[in-house]
$ cat final_23.cif   # mmCIF, C-alpha atoms and all ligand atoms
data_entry
#
loop_
_atom_site.label_atom_id
_atom_site.label_comp_id
_atom_site.auth_asym_id
_atom_site.auth_seq_id
_atom_site.Cartn_x
_atom_site.Cartn_y
_atom_site.Cartn_z
CA MET A 1 -6.04 -5.99 -24.49
CA ILE A 2 -8.43 -3.08 -24.60
CA ASN A 3 -11.64 -4.54 -26.02
CA GLU A 4 -15.36 -4.45 -25.47
CA ASN A 5 -15.17 -7.17 -22.90
CA LEU A 6 -12.71 -5.20 -20.75
CA SER A 7 -14.84 -2.09 -21.06
CA ARG A 8 -17.93 -3.99 -19.93
CA THR A 9 -16.14 -5.76 -17.08
CA ILE A 10 -14.76 -2.48 -15.74
CA GLN A 11 -18.19 -0.91 -15.69
CA TRP A 12 -19.84 -3.96 -14.13
CA ALA A 13 -17.11 -4.44 -11.51
CA ASP A 14 -17.03 -0.76 -10.60
CA GLU A 15 -20.77 -0.77 -9.97
CA LYS A 16 -20.59 -3.95 -7.93
CA PHE A 17 -17.36 -3.45 -5.96
CA HIS A 18 -16.92 0.39 -6.01
CA LEU A 19 -13.37 0.30 -7.30
CA PHE A 20 -12.67 3.73 -8.74
CA ALA A 21 -12.62 7.32 -7.52
CA ASP A 22 -12.67 8.32 -11.19
CA ARG A 23 -12.31 6.34 -14.42
CA LEU A 24 -12.58 6.42 -18.18
CA LYS A 25 -16.21 6.01 -19.11
CA ASP A 26 -15.31 4.23 -22.32
CA PRO A 27 -11.77 2.83 -22.51
CA LEU A 28 -12.53 1.66 -26.05
CA ALA A 29 -12.71 5.25 -27.24
CA TYR A 30 -8.95 5.42 -26.66
CA GLY A 31 -8.35 2.85 -29.36
CA ASN A 32 -6.93 -0.63 -29.18
CA GLY A 33 -3.33 0.35 -29.84
CA HIS A 34 -2.37 -0.06 -26.18
CA ALA A 35 -0.13 -2.88 -24.99
CA PHE A 36 -1.84 -3.22 -21.59
CA HIS A 37 -4.19 -1.53 -19.15
CA PHE A 38 -3.35 -0.16 -15.73
CA SER A 39 -4.87 1.86 -12.92
CA ALA A 40 -3.34 4.23 -10.38
CA LYS A 41 -4.19 4.82 -6.74
CA ASP A 42 -5.95 8.16 -6.32
CA ASN A 43 -2.90 9.75 -4.64
CA LEU A 44 -0.87 9.57 -7.87
CA CYS A 45 -1.23 12.64 -10.05
CA SER A 46 -2.42 12.31 -13.64
CA THR A 47 -3.60 14.87 -16.14
CA GLU A 48 -6.98 13.52 -17.18
CA PHE A 49 -8.51 12.71 -13.80
CA GLN A 50 -9.10 14.50 -10.57
CA THR A 51 -6.55 13.50 -7.93
CA ARG A 52 -8.11 13.61 -4.48
CA ALA A 53 -6.17 11.02 -2.48
CA GLY A 54 -9.50 9.97 -1.01
CA SER A 55 -9.96 13.39 0.61
CA LYS A 56 -12.65 16.05 0.38
CA ILE A 57 -10.04 18.76 0.77
CA LEU A 58 -8.66 17.99 -2.70
CA GLU A 59 -12.05 18.09 -4.41
CA GLY A 60 -11.62 19.57 -7.85
CA TYR A 61 -7.82 19.23 -7.98
CA ARG A 62 -6.71 18.41 -11.51
CA PRO A 63 -2.93 18.11 -11.65
CA PRO A 64 -1.23 19.63 -14.69
CA PHE A 65 1.26 16.74 -14.85
CA ASP A 66 1.61 12.96 -14.54
CA ALA A 67 3.41 11.17 -11.71
CA THR A 68 6.66 9.66 -13.04
CA ALA A 69 5.40 6.08 -12.53
CA ILE A 70 2.28 6.85 -14.57
CA ALA A 71 4.24 8.68 -17.29
CA ARG A 72 6.61 5.73 -17.65
CA LEU A 73 3.81 3.18 -17.92
CA ARG A 74 2.10 5.32 -20.55
CA GLN A 75 5.34 5.53 -22.52
CA ALA A 76 5.53 1.74 -22.39
CA GLY A 77 2.13 1.57 -24.10
CA GLY A 78 -0.20 1.39 -21.11
CA LEU A 79 -3.71 2.83 -20.98
CA LEU A 80 -4.59 4.39 -17.62
CA VAL A 81 -8.19 3.30 -17.09
CA GLY A 82 -8.85 5.06 -13.80
CA LYS A 83 -7.89 6.19 -10.33
CA THR A 84 -8.60 3.62 -7.66
CA ALA A 85 -10.35 4.38 -4.38
CA MET A 86 -8.31 4.63 -1.17
CA ASP A 87 -8.35 5.70 2.47
CA GLU A 88 -7.91 9.46 2.84
CA PHE A 89 -4.22 10.26 2.18
CA GLY A 90 -3.45 6.56 2.84
CA PHE A 91 -4.63 6.68 6.46
CA GLY A 92 -6.11 3.27 7.09
CA SER A 93 -6.04 -0.48 6.61
CA PHE A 94 -9.62 -1.15 5.54
CA GLY A 95 -10.59 1.41 2.87
CA THR A 96 -13.27 2.84 5.13
CA ASN A 97 -11.60 6.23 5.87
CA SER A 98 -12.50 7.62 2.48
CA ALA A 99 -14.38 10.64 1.21
CA SER A 100 -15.04 8.85 -2.08
CA VAL A 101 -16.33 5.30 -2.49
CA ILE A 102 -15.52 2.38 -0.18
CA PRO A 103 -14.45 -0.67 -2.19
CA ARG A 104 -16.01 -4.07 -1.45
CA ASN A 105 -14.08 -7.28 -1.34
CA PRO A 106 -14.57 -9.29 -4.56
CA PHE A 107 -14.49 -12.55 -2.53
CA ASP A 108 -17.31 -11.36 -0.25
CA THR A 109 -18.89 -7.94 -0.68
CA SER A 110 -19.78 -7.68 3.02
CA ARG A 111 -16.03 -7.52 3.73
CA SER A 112 -13.25 -4.94 3.42
CA CYS A 113 -10.65 -4.96 0.65
CA GLY A 114 -7.96 -3.87 3.09
CA GLY A 115 -6.23 -0.55 2.75
CA SER A 116 -5.19 1.91 2.00
CA SER A 117 -4.75 0.76 -1.64
CA SER A 118 -8.21 -0.82 -1.41
CA GLY A 119 -9.47 -0.11 -4.91
CA ALA A 120 -6.09 -1.07 -6.41
CA ALA A 121 -6.18 -4.56 -4.86
CA ALA A 122 -9.82 -5.16 -5.71
CA THR A 123 -9.26 -4.03 -9.31
CA ALA A 124 -6.21 -6.30 -9.64
CA SER A 125 -8.31 -9.13 -8.31
CA VAL A 126 -11.30 -8.74 -10.66
CA LEU A 127 -9.59 -7.60 -13.87
CA LYS A 128 -7.50 -10.16 -15.69
CA ASP A 129 -4.03 -9.06 -16.85
CA HIS A 130 -4.32 -5.77 -15.03
CA LEU A 131 -1.56 -3.82 -13.37
CA ALA A 132 -2.51 -1.56 -10.47
CA LEU A 133 -0.14 1.11 -9.15
CA GLY A 134 -0.41 1.19 -5.36
CA VAL A 135 1.44 3.05 -2.61
CA SER A 136 2.67 1.79 0.74
CA THR A 137 3.75 3.82 3.73
CA GLY A 138 3.24 1.17 6.40
CA GLY A 139 1.75 -1.74 4.49
CA SER A 140 -0.88 -0.36 2.15
CA ILE A 141 0.15 -2.65 -0.69
CA SER A 142 0.64 -5.87 1.30
CA CYS A 143 -2.53 -5.56 3.38
CA PRO A 144 -5.09 -5.17 0.60
CA ALA A 145 -3.18 -7.65 -1.60
CA SER A 146 -3.59 -10.20 1.18
CA PHE A 147 -7.32 -9.52 1.68
CA CYS A 148 -8.08 -9.56 -2.06
CA GLY A 149 -5.88 -12.55 -2.99
CA VAL A 150 -3.44 -10.80 -5.33
CA ILE A 151 0.31 -10.24 -5.57
CA GLY A 152 1.34 -7.04 -3.81
CA PHE A 153 4.87 -5.88 -4.52
CA THR A 154 6.52 -3.01 -2.62
CA PRO A 155 10.02 -2.07 -3.87
CA THR A 156 12.90 -0.69 -1.80
CA TYR A 157 12.36 2.89 -0.60
CA GLY A 158 13.80 5.15 -3.32
CA ARG A 159 13.63 2.56 -6.13
CA VAL A 160 10.59 4.17 -7.78
CA SER A 161 10.37 7.94 -8.09
CA ARG A 162 7.81 9.57 -5.79
CA TRP A 163 7.39 12.51 -8.14
CA GLY A 164 3.68 13.19 -8.50
CA LEU A 165 2.74 11.22 -5.39
CA ILE A 166 0.69 13.05 -2.78
CA ASP A 167 2.82 12.67 0.35
CA PHE A 168 1.77 10.85 3.50
CA GLY A 169 5.12 10.11 5.25
CA SER A 170 7.93 11.20 2.96
CA SER A 171 10.59 8.95 4.50
CA LEU A 172 8.29 5.92 4.17
CA ASP A 173 6.19 6.30 1.00
CA LYS A 174 6.88 3.76 -1.75
CA ILE A 175 5.11 3.19 -5.05
CA GLY A 176 4.59 -0.46 -6.03
CA LEU A 177 2.46 -2.84 -8.04
CA LEU A 178 -0.53 -5.09 -7.46
CA SER A 179 -1.67 -7.72 -9.94
CA SER A 180 -2.91 -11.25 -10.21
CA SER A 181 -0.09 -11.92 -12.66
CA SER A 182 3.52 -12.12 -11.48
CA ASP A 183 4.59 -11.88 -15.15
CA LEU A 184 3.10 -8.41 -15.41
CA VAL A 185 4.80 -7.26 -12.22
CA ARG A 186 8.11 -8.62 -13.48
CA LYS A 187 7.70 -7.01 -16.86
CA TYR A 188 6.66 -3.53 -15.76
CA PHE A 189 8.57 -3.06 -12.51
CA PRO A 190 11.81 -2.22 -14.41
CA ILE A 191 9.83 0.37 -16.39
CA ILE A 192 8.73 2.34 -13.31
CA ALA A 193 12.01 1.79 -11.40
CA GLY A 194 15.15 3.86 -11.73
CA PRO A 195 16.52 7.29 -10.92
CA ASP A 196 14.47 10.39 -11.63
CA PRO A 197 15.98 13.85 -11.24
CA LEU A 198 12.56 15.05 -10.05
CA ASP A 199 12.83 12.89 -6.90
CA PRO A 200 16.26 13.19 -5.26
CA THR A 201 15.65 10.11 -3.07
CA SER A 202 15.44 7.96 -6.20
CA GLN A 203 18.82 9.11 -7.46
CA ALA A 204 21.42 7.02 -5.63
CA GLN A 205 20.22 3.52 -6.39
CA PRO A 206 22.17 0.47 -7.57
CA PRO A 207 21.19 -0.95 -10.96
CA LEU A 208 18.23 -3.31 -10.95
CA ASP A 209 19.11 -6.98 -10.72
CA MET A 210 16.11 -9.07 -11.70
CA GLY A 211 17.68 -12.38 -10.70
CA GLY A 212 18.40 -13.96 -7.32
CA ASP A 213 17.32 -16.98 -5.40
CA ILE A 214 15.83 -17.53 -1.97
CA LYS A 215 17.22 -20.65 -0.28
CA VAL A 216 17.06 -19.81 3.41
CA VAL A 217 14.01 -18.13 4.91
CA ALA A 218 13.91 -16.72 8.46
CA ILE A 219 10.67 -16.55 10.42
CA PRO A 220 10.61 -14.25 13.47
CA GLU A 221 8.73 -15.86 16.37
CA GLU A 222 7.35 -12.39 17.25
CA SER A 223 5.27 -12.52 14.06
CA LEU A 224 3.45 -15.71 15.03
CA THR A 225 1.52 -14.36 18.00
CA ASN A 226 -2.04 -13.00 17.78
CA LEU A 227 -2.87 -14.79 14.53
CA SER A 228 -6.36 -16.04 13.77
CA ASP A 229 -6.65 -19.82 13.40
CA GLU A 230 -7.29 -19.50 9.67
CA VAL A 231 -4.16 -17.45 9.09
CA ARG A 232 -2.04 -19.69 11.29
CA SER A 233 -3.02 -22.90 9.53
CA SER A 234 -2.70 -21.42 6.00
CA PHE A 235 0.73 -20.05 6.90
CA GLU A 236 1.87 -23.42 8.29
CA GLU A 237 0.73 -25.18 5.13
CA ALA A 238 2.60 -22.60 3.06
CA LEU A 239 5.78 -23.37 5.02
CA THR A 240 5.46 -27.05 4.14
CA ILE A 241 5.12 -26.17 0.46
CA LEU A 242 8.17 -23.90 0.65
CA GLU A 243 10.16 -26.74 2.23
CA ASP A 244 9.01 -29.08 -0.54
CA MET A 245 10.28 -26.47 -2.99
CA GLY A 246 13.72 -26.93 -1.39
CA MET A 247 13.85 -23.96 0.98
CA GLU A 248 15.31 -24.09 4.44
CA ILE A 249 13.03 -22.57 7.07
CA ARG A 250 14.73 -21.09 10.14
CA HIS A 251 12.90 -19.88 13.23
CA ILE A 252 14.50 -16.76 14.68
CA SER A 253 13.76 -13.94 17.10
CA MET A 254 13.74 -10.20 16.27
CA PRO A 255 12.96 -8.60 19.66
CA SER A 256 12.61 -5.03 18.34
CA LEU A 257 9.67 -5.98 16.14
CA ARG A 258 7.28 -5.46 19.02
CA PHE A 259 8.19 -1.76 19.06
CA ALA A 260 7.66 -1.34 15.33
CA LEU A 261 3.98 -0.42 15.50
CA PRO A 262 4.26 2.47 18.01
CA ALA A 263 7.41 3.73 16.28
CA TYR A 264 5.62 3.70 12.93
CA TYR A 265 2.58 5.55 14.22
CA PHE A 266 4.75 8.28 15.76
CA LEU A 267 6.99 8.72 12.73
CA SER A 268 4.32 8.46 10.05
CA THR A 269 1.91 10.82 11.80
CA ALA A 270 4.71 13.31 12.53
CA GLU A 271 5.53 13.39 8.83
CA ALA A 272 1.88 13.41 7.79
CA SER A 273 1.08 16.34 10.07
CA THR A 274 3.69 18.50 8.32
CA ASN A 275 2.78 17.24 4.85
CA LEU A 276 -0.88 18.08 5.36
CA ALA A 277 -0.06 21.65 6.44
CA ARG A 278 -0.18 22.70 2.78
CA TYR A 279 -3.93 22.09 2.50
CA CYS A 280 -5.46 25.30 3.71
CA GLY A 281 -8.13 26.34 1.23
CA MET A 282 -5.91 28.77 -0.65
CA ARG A 283 -3.86 26.99 -3.28
CA ILE A 284 -5.02 23.52 -4.26
CA GLY A 285 -8.22 21.59 -4.00
CA VAL A 286 -11.08 23.19 -2.10
CA LEU A 287 -10.86 26.97 -2.18
CA ASN A 288 -12.28 29.04 0.65
CA ASP A 289 -13.23 32.54 -0.49
CA ASN A 290 -14.40 33.63 2.93
CA ILE A 291 -11.31 35.78 3.42
CA ASN A 292 -12.72 38.48 5.68
CA GLN A 293 -11.70 36.73 8.87
CA SER A 294 -8.57 36.19 10.89
CA PHE A 295 -5.75 34.08 9.62
CA ASN A 296 -6.35 31.22 12.06
CA ASP A 297 -10.11 31.18 11.64
CA PHE A 298 -9.71 31.01 7.88
CA PHE A 299 -7.41 27.98 7.95
CA SER A 300 -9.31 26.24 10.75
CA GLN A 301 -12.58 26.63 8.91
CA THR A 302 -11.39 24.85 5.78
CA ARG A 303 -9.41 22.19 7.59
CA SER A 304 -12.13 21.31 10.08
CA GLN A 305 -14.74 21.05 7.34
CA GLU A 306 -12.76 19.18 4.73
CA PHE A 307 -10.45 16.74 6.56
CA GLY A 308 -11.97 13.45 7.72
CA ASP A 309 -11.78 12.23 11.33
CA GLU A 310 -8.77 10.00 10.79
CA ALA A 311 -6.78 12.80 9.11
CA LYS A 312 -7.53 15.07 12.06
CA ARG A 313 -6.53 12.35 14.53
CA ARG A 314 -3.19 11.94 12.76
CA ILE A 315 -2.52 15.67 12.56
CA LEU A 316 -3.06 15.91 16.32
CA LEU A 317 -0.95 12.87 17.18
CA GLY A 318 1.84 13.84 14.76
CA THR A 319 1.97 17.44 15.93
CA PHE A 320 2.09 16.32 19.56
CA SER A 321 4.92 13.83 19.10
CA ARG A 322 7.26 16.38 17.51
CA MET A 323 6.44 19.31 19.82
CA VAL A 324 9.18 20.81 21.94
CA GLY A 325 8.98 19.04 25.28
CA PHE A 326 7.69 15.75 23.84
CA ARG A 327 9.99 15.30 20.87
CA ASP A 328 12.74 13.43 22.75
CA GLN A 329 10.28 11.09 24.36
CA TYR A 330 8.32 10.19 21.22
CA TYR A 331 9.63 11.30 17.84
CA LEU A 332 13.35 10.86 18.52
CA LYS A 333 12.76 7.62 20.42
CA ALA A 334 10.80 6.27 17.46
CA LEU A 335 13.72 7.15 15.17
CA GLN A 336 16.01 5.09 17.42
CA VAL A 337 13.63 2.14 17.27
CA ARG A 338 13.58 2.40 13.49
CA GLN A 339 17.38 2.18 13.45
CA ARG A 340 17.37 -0.89 15.69
CA ILE A 341 14.87 -2.64 13.48
CA ILE A 342 17.02 -1.96 10.43
CA HIS A 343 20.03 -3.43 12.24
CA GLU A 344 18.07 -6.51 13.28
CA TYR A 345 17.04 -7.17 9.70
CA GLU A 346 20.63 -6.66 8.53
CA LYS A 347 21.83 -9.16 11.10
CA GLU A 348 19.31 -11.78 9.94
CA PHE A 349 20.15 -11.19 6.29
CA ARG A 350 23.73 -12.30 7.01
CA SER A 351 22.47 -15.88 7.28
CA ALA A 352 19.05 -15.84 5.58
CA ASP A 353 17.98 -14.66 2.12
CA ALA A 354 14.58 -13.37 3.20
CA VAL A 355 12.35 -12.84 6.23
CA LEU A 356 8.89 -14.37 6.03
CA THR A 357 5.72 -13.68 8.07
CA PRO A 358 1.99 -13.85 7.47
CA THR A 359 0.85 -10.56 5.88
CA MET A 360 -2.17 -9.81 8.08
CA PRO A 361 -3.15 -11.44 11.39
CA PHE A 362 -6.69 -12.22 10.12
CA VAL A 363 -8.70 -12.57 6.91
CA ALA A 364 -10.66 -9.60 5.50
CA PRO A 365 -13.06 -8.45 8.25
CA ARG A 366 -16.72 -7.54 7.69
CA PHE A 367 -17.59 -3.83 7.55
CA GLU A 368 -19.78 -4.22 10.62
CA GLU A 369 -16.82 -5.63 12.58
CA ILE A 370 -14.61 -2.73 11.52
CA ALA A 371 -17.22 -0.23 12.67
CA HIS A 372 -16.88 -1.63 16.20
CA MET A 373 -13.09 -1.48 16.36
CA SER A 374 -11.30 1.35 18.23
CA PRO A 375 -8.59 3.36 16.44
CA LEU A 376 -5.99 1.45 18.48
CA GLN A 377 -7.38 -1.93 17.41
CA LEU A 378 -7.39 -0.74 13.81
CA TYR A 379 -3.74 0.30 14.07
CA GLN A 380 -2.80 -3.06 15.61
CA ALA A 381 -3.83 -4.83 12.42
CA ASP A 382 -0.64 -3.43 10.84
CA ALA A 383 1.75 -5.22 13.21
CA LEU A 384 3.25 -7.42 10.48
CA THR A 385 3.25 -5.03 7.52
CA VAL A 386 4.87 -2.12 9.35
CA PRO A 387 8.38 -3.57 10.04
CA PRO A 388 9.68 -3.95 6.45
CA ASN A 389 8.18 -0.55 5.62
CA LEU A 390 9.94 1.15 8.53
CA ALA A 391 13.19 -0.40 7.32
CA GLY A 392 12.58 0.60 3.69
CA LEU A 393 12.96 -3.03 2.58
CA PRO A 394 11.44 -4.47 -0.60
CA HIS A 395 8.65 -6.90 0.23
CA LEU A 396 6.03 -8.99 -1.43
CA SER A 397 2.67 -10.38 -0.34
CA LEU A 398 1.62 -13.62 -2.06
CA PRO A 399 -1.68 -15.48 -1.68
CA CYS A 400 -1.04 -18.66 0.32
CA GLY A 401 -4.43 -20.06 1.35
CA TYR A 402 -8.22 -19.70 1.11
CA PRO A 403 -9.75 -20.86 4.41
CA GLY A 404 -13.53 -20.58 4.12
CA GLY A 405 -13.06 -19.19 0.60
CA LEU A 406 -11.26 -16.03 1.81
CA PRO A 407 -7.67 -15.27 0.79
CA VAL A 408 -4.72 -15.29 3.21
CA GLY A 409 -1.36 -13.75 2.33
CA MET A 410 2.25 -14.32 3.33
CA GLN A 411 4.81 -11.52 3.24
CA ILE A 412 8.45 -11.93 2.26
CA ALA A 413 11.01 -9.18 2.84
CA ALA A 414 14.44 -9.09 1.16
CA PRO A 415 17.52 -6.92 1.76
CA HIS A 416 17.58 -3.40 0.29
CA TRP A 417 17.65 -3.36 -3.54
CA MET A 418 17.20 -7.16 -3.83
CA GLU A 419 13.80 -7.03 -5.51
CA GLY A 420 14.91 -9.69 -8.02
CA ARG A 421 14.85 -12.37 -5.33
CA LEU A 422 11.25 -11.60 -4.51
CA LEU A 423 10.10 -11.62 -8.11
CA GLU A 424 11.84 -14.96 -8.71
CA LEU A 425 9.98 -16.37 -5.75
CA ALA A 426 6.66 -14.96 -7.03
CA ASP A 427 7.32 -16.84 -10.26
CA ARG A 428 8.13 -20.13 -8.58
CA TRP A 429 5.32 -19.87 -6.03
CA GLY A 430 2.75 -19.19 -8.76
CA LYS A 431 3.80 -22.39 -10.52
CA THR A 432 3.43 -24.46 -7.34
CA PHE A 433 0.50 -22.93 -5.49
CA GLN A 434 -2.87 -22.69 -7.23
CA TYR A 435 -4.26 -19.11 -7.02
CA ARG A 436 -8.03 -18.62 -6.98
CA ARG A 437 -9.94 -15.76 -8.47
CA PRO A 438 -13.18 -14.40 -7.04
CA GLU A 439 -16.36 -15.75 -8.59
CA MET A 440 -17.69 -13.18 -11.02
CA LYS A 441 -21.42 -13.47 -10.45
CA ALA A 442 -23.71 -10.71 -11.63
N1 LIG B 1 -2.43 1.11 7.67
C1 LIG B 1 -1.28 1.95 7.81
C2 LIG B 1 -1.70 3.33 8.25
O1 LIG B 1 -2.88 3.55 8.35
C3 LIG B 1 -0.48 2.00 6.54
C4 LIG B 1 -1.07 2.87 5.54
C5 LIG B 1 -0.22 3.06 4.31
O2 LIG B 1 0.71 2.30 4.05
N2 LIG B 1 -0.58 4.08 3.54
O3 LIG B 1 -0.88 4.18 8.47
#

$ encode --input "final_23.cif" --output "structure tokens" --more "lines below"
Ligand code: GLN
Amino acid sequence: MINENLSRTIQWADEKFHLFADRLKDPLAYGNGHAFHFSAKDNLCSTEFQTRAGSKILEGYRPPFDATAIARLRQAGGLLVGKTAMDEFGFGSFGTNSASVIPRNPFDTSRSCGGSSSGAAATASVLKDHLALGVSTGGSISCPASFCGVIGFTPTYGRVSRWGLIDFGSSLDKIGLLSSSSDLVRKYFPIIAGPDPLDPTSQAQPPLDMGGDIKVVAIPEESLTNLSDEVRSSFEEALTILEDMGMEIRHISMPSLRFALPAYYFLSTAEASTNLARYCGMRIGVLNDNINQSFNDFFSQTRSQEFGDEAKRRILLGTFSRMVGFRDQYYLKALQVRQRIIHEYEKEFRSADAVLTPTMPFVAPRFEEIAHMSPLQLYQADALTVPPNLAGLPHLSLPCGYPGGLPVGMQIAAPHWMEGRLLELADRWGKTFQYRRPEMKA
């Protein structure tokens, strides 16, 4: 409900945890006729807020339209309370690559919320009965959901229209939901799902089946290496609970998983480097009126001033991997790996209903630890979230432990279009495992 309490909590939480890139100053002014409240990651276009995707280069961009997912939630009676903070264009796993605010973890403000849907996960964690629209390219829903102790649901690629989403990697981007309530996810997922003529990749999808059961769960041994002790023990306890719930746990091997991370970073940066070519200081966002210079100088000036370091790193890497002379070795090879991973999942799904792994190899790190990590170490954190994203599979991160008071998540992937299975499990898990919310101290 939209009431004074919600209004106050949003303001208090935003000041304390830095959740929003932009938000309604007074949600109450929009009346109390709304059925629910929701937020959208800052890379989803909406008419009343700036949409900057966490980047300086989009400063001042006010889209003249709503993303389809936002429009559909509004039609269903939702009030969009704000745009949540994120890593620039979705480039990151910790929320720290941002030109706007850097969200703080509601369980411990010296720690990261995860990324790149950082603000979305933190908002879902502090606001009761809130639905946050997030976006995942290589794990940006699962990762922050795991660090902030909320449900993070990423549908099959193509299930939700990408119209109005600022592209990162067009063959990978998926819009999904974060919330502390599985009921809300279940209720509003069918609203945002479904074909949309404005996004051709959403067109050829089978009808949504909201049922389905998970009886046999496969766990790839490759996903159990390099885990912190806290994550390992929480995950093992979760397996015991799943067995008590009547599930059969099967240990398997998926050898191609170890190539998923490099394949993802080649493919996603190749796509990002072409998608970012449109930001040049002429059409949208920052405008450069210094036009009395050469073509190249003009574009370089805007792009070197306005893109952050990580965006520049990805443009360089992505441009390199698809250049003539290197394309076969990197970009095309990565496409082959992607295909193998899809086949390996398909093979496992012949005898198991879902594939389960921990979501992240460690609990939310402190900002000072992140500052000392190299780009390669930062990328390695995505080892477990990248595979289902490369394969376009629906997946779900559920809280499964709180070692030392910090949330740990487990991630379950289902075959293409089988979202119903995951949402059933979210329901059952929530009735068995006791979720914790962060302490809301002033
Ligand atoms: N952490 C991954 C990356 O930086 C995934 C990001 C995403 O899903 N947007 O590419």

$ atom_distance --input "final_23.cif" --atom1 "CA of Ala334 in chain A" --atom2 "CA of Tyr264 in chain A"
7.3 Å

$ residues_near_ligand --input "final_23.cif" --ligand "ligand LIG 1 (chain B)" --cutoff "9 Å" --atoms "all atoms listed in the file" --output "compact mmCIF listing (two decimals) with C-alpha atoms, in the frame of the given file"
# COMPACT_ATOMS: atom_id res chain seq x y z
CA ASP A 87 -8.35 5.70 2.47
CA PHE A 89 -4.22 10.26 2.18
CA GLY A 90 -3.45 6.56 2.84
CA PHE A 91 -4.63 6.68 6.46
CA GLY A 92 -6.11 3.27 7.09
CA SER A 93 -6.04 -0.48 6.61
CA PHE A 94 -9.62 -1.15 5.54
CA GLY A 114 -7.96 -3.87 3.09
CA GLY A 115 -6.23 -0.55 2.75
CA SER A 116 -5.19 1.91 2.00
CA SER A 117 -4.75 0.76 -1.64
CA VAL A 135 1.44 3.05 -2.61
CA SER A 136 2.67 1.79 0.74
CA THR A 137 3.75 3.82 3.73
CA GLY A 138 3.24 1.17 6.40
CA GLY A 139 1.75 -1.74 4.49
CA SER A 140 -0.88 -0.36 2.15
CA ILE A 141 0.15 -2.65 -0.69
CA SER A 142 0.64 -5.87 1.30
CA CYS A 143 -2.53 -5.56 3.38
CA PHE A 168 1.77 10.85 3.50
CA GLY A 169 5.12 10.11 5.25
CA LEU A 172 8.29 5.92 4.17
CA ASP A 173 6.19 6.30 1.00
CA LYS A 174 6.88 3.76 -1.75
CA TYR A 264 5.62 3.70 12.93
CA TYR A 265 2.58 5.55 14.22
CA SER A 268 4.32 8.46 10.05
CA THR A 269 1.91 10.82 11.80
CA LEU A 378 -7.39 -0.74 13.81
CA TYR A 379 -3.74 0.30 14.07
CA GLN A 380 -2.80 -3.06 15.61
CA ALA A 381 -3.83 -4.83 12.42
CA ASP A 382 -0.64 -3.43 10.84
CA THR A 385 3.25 -5.03 7.52
CA VAL A 386 4.87 -2.12 9.35
CA ASN A 389 8.18 -0.55 5.62

$ closest_residue --input "final_23.cif" --among "A:Thr359, A:Ser256, A:Ser118, A:Asn43" --to "Ile341 in chain A" --atoms "all atoms listed in the file"
A:Ser256

$ closest_residue --input "final_23.cif" --among "A:Pro27, A:Pro195, A:Gly176, A:Pro144" --to "Gly82 in chain A" --atoms "only C-alpha atoms"
A:Pro27

$ closest_residue --input "final_23.cif" --among "A:Phe266, A:Phe65, A:Phe295, A:Phe362" --to "Leu316 in chain A" --atoms "all atoms listed in the file"
A:Phe266

$ residues_near_point --input "final_23.cif" --point "(4.0, 3.5, -15.4)" --cutoff "8 Å" --atoms "all atoms listed in the file" --output "list in words"
Thr68, Ala69, Ile70, Ala71, Arg72, Leu73, Arg74, Gln75, Ala76, Gly78, Leu133, Tyr188, Ile191 and Ile192 of chain A

$ closest_residue --input "final_23.cif" --among "A:Met373, A:Met254, A:Leu165, A:Cys148" --to "Glu222 in chain A" --atoms "all atoms listed in the file"
A:Met254

$ residues_near_point --input "final_23.cif" --point "(-6.3, -13.2, -20.4)" --cutoff "9 Å" --atoms "all atoms listed in the file" --output "list in words"
Met1, Lys128 and Asp129 of chain A

$ closest_residue --input "final_23.cif" --among "A:Val126, A:Pro358, A:Ser100, A:Ser146" --to "Leu239 in chain A" --atoms "all atoms listed in the file"
A:Pro358
